[in-house]
Amino acid sequence: MIPGGGQPNMQQLLQQAQKMQEDLQRAQEELANTEVDGQAGGGLVRATVTGSGELRALKIDPEAVDPEDTDTLADLIVAAVQAANENAQALQQQKLGPLAQGLGGGSGIPGLPF
């Protein structure tokens, strides 16, 4: 409901929606350019992903390489990538969470899913 019972100012609503969209796009671009790390095995394997989840780098300490036990190395790689992606999701929540709250939960605008 609008205070005072008046009709919403459509121009103002459209400007607010456009600003939120611009803020969201800016945050998404920032996420795509921000790198976060994850590690496993006490740092033997490190993965770097962007804030949007794109794998950018994988570093493997030579001590992690045992030709007789490639399964452990594979597990360390998976764990490092998962840790990096969890850090990327936390960054996404930090950057996009406030924007999603601003858009949603109750915009009061019929037909909008947020």
# chains A, B, ... in the order shown; residues from 1 in each chain; ligands from 1
$ residues_around --residues "range 52-66 of chain A" --least-positions-apart "4" --cutoff "12 Å" --atoms "only C-alpha atoms" --output "ChimeraX atom specification"
/A:27-48,70-93,95-96
$ select_by_dssp --residues "range 8-60 of chain A" --states "strand (DSSP E)" --output "list in words"
Glu35, Val36, Asp37, Gly38, Gln39, Ala40, Val45, Arg46, Ala47, Thr48, Val49, Thr50, Leu55, Arg56, Ala57, Leu58, Lys59 and Ile60 of chain A
$ write_last_selection --atoms "C-alpha atoms" --output "PDB file, in the first residue's frame"
ATOM      1  CA  GLU A  35      38.490 -14.205  -7.836  1.00  0.00           C
ATOM      2  CA  VAL A  36      38.152 -16.347  -4.720  1.00  0.00           C
ATOM      3  CA  ASP A  37      40.196 -19.346  -3.618  1.00  0.00           C
ATOM      4  CA  GLY A  38      39.478 -22.698  -2.083  1.00  0.00           C
ATOM      5  CA  GLN A  39      41.954 -25.250  -0.810  1.00  0.00           C
ATOM      6  CA  ALA A  40      42.191 -28.839   0.294  1.00  0.00           C
ATOM      7  CA  VAL A  45      45.603 -28.202  -3.818  1.00  0.00           C
ATOM      8  CA  ARG A  46      44.255 -24.702  -4.437  1.00  0.00           C
ATOM      9  CA  ALA A  47      41.476 -23.729  -6.807  1.00  0.00           C
ATOM     10  CA  THR A  48      40.648 -20.215  -7.934  1.00  0.00           C
ATOM     11  CA  VAL A  49      37.188 -19.378  -9.248  1.00  0.00           C
ATOM     12  CA  THR A  50      35.461 -16.142 -10.118  1.00  0.00           C
ATOM     13  CA  LEU A  55      37.226 -22.020 -12.609  1.00  0.00           C
ATOM     14  CA  ARG A  56      40.258 -19.855 -13.377  1.00  0.00           C
ATOM     15  CA  ALA A  57      43.233 -21.688 -11.877  1.00  0.00           C
ATOM     16  CA  LEU A  58      44.227 -24.920 -10.198  1.00  0.00           C
ATOM     17  CA  LYS A  59      47.527 -25.268  -8.339  1.00  0.00           C
ATOM     18  CA  ILE A  60      48.796 -28.627  -7.160  1.00  0.00           C
TER      19      ILE A  60
END
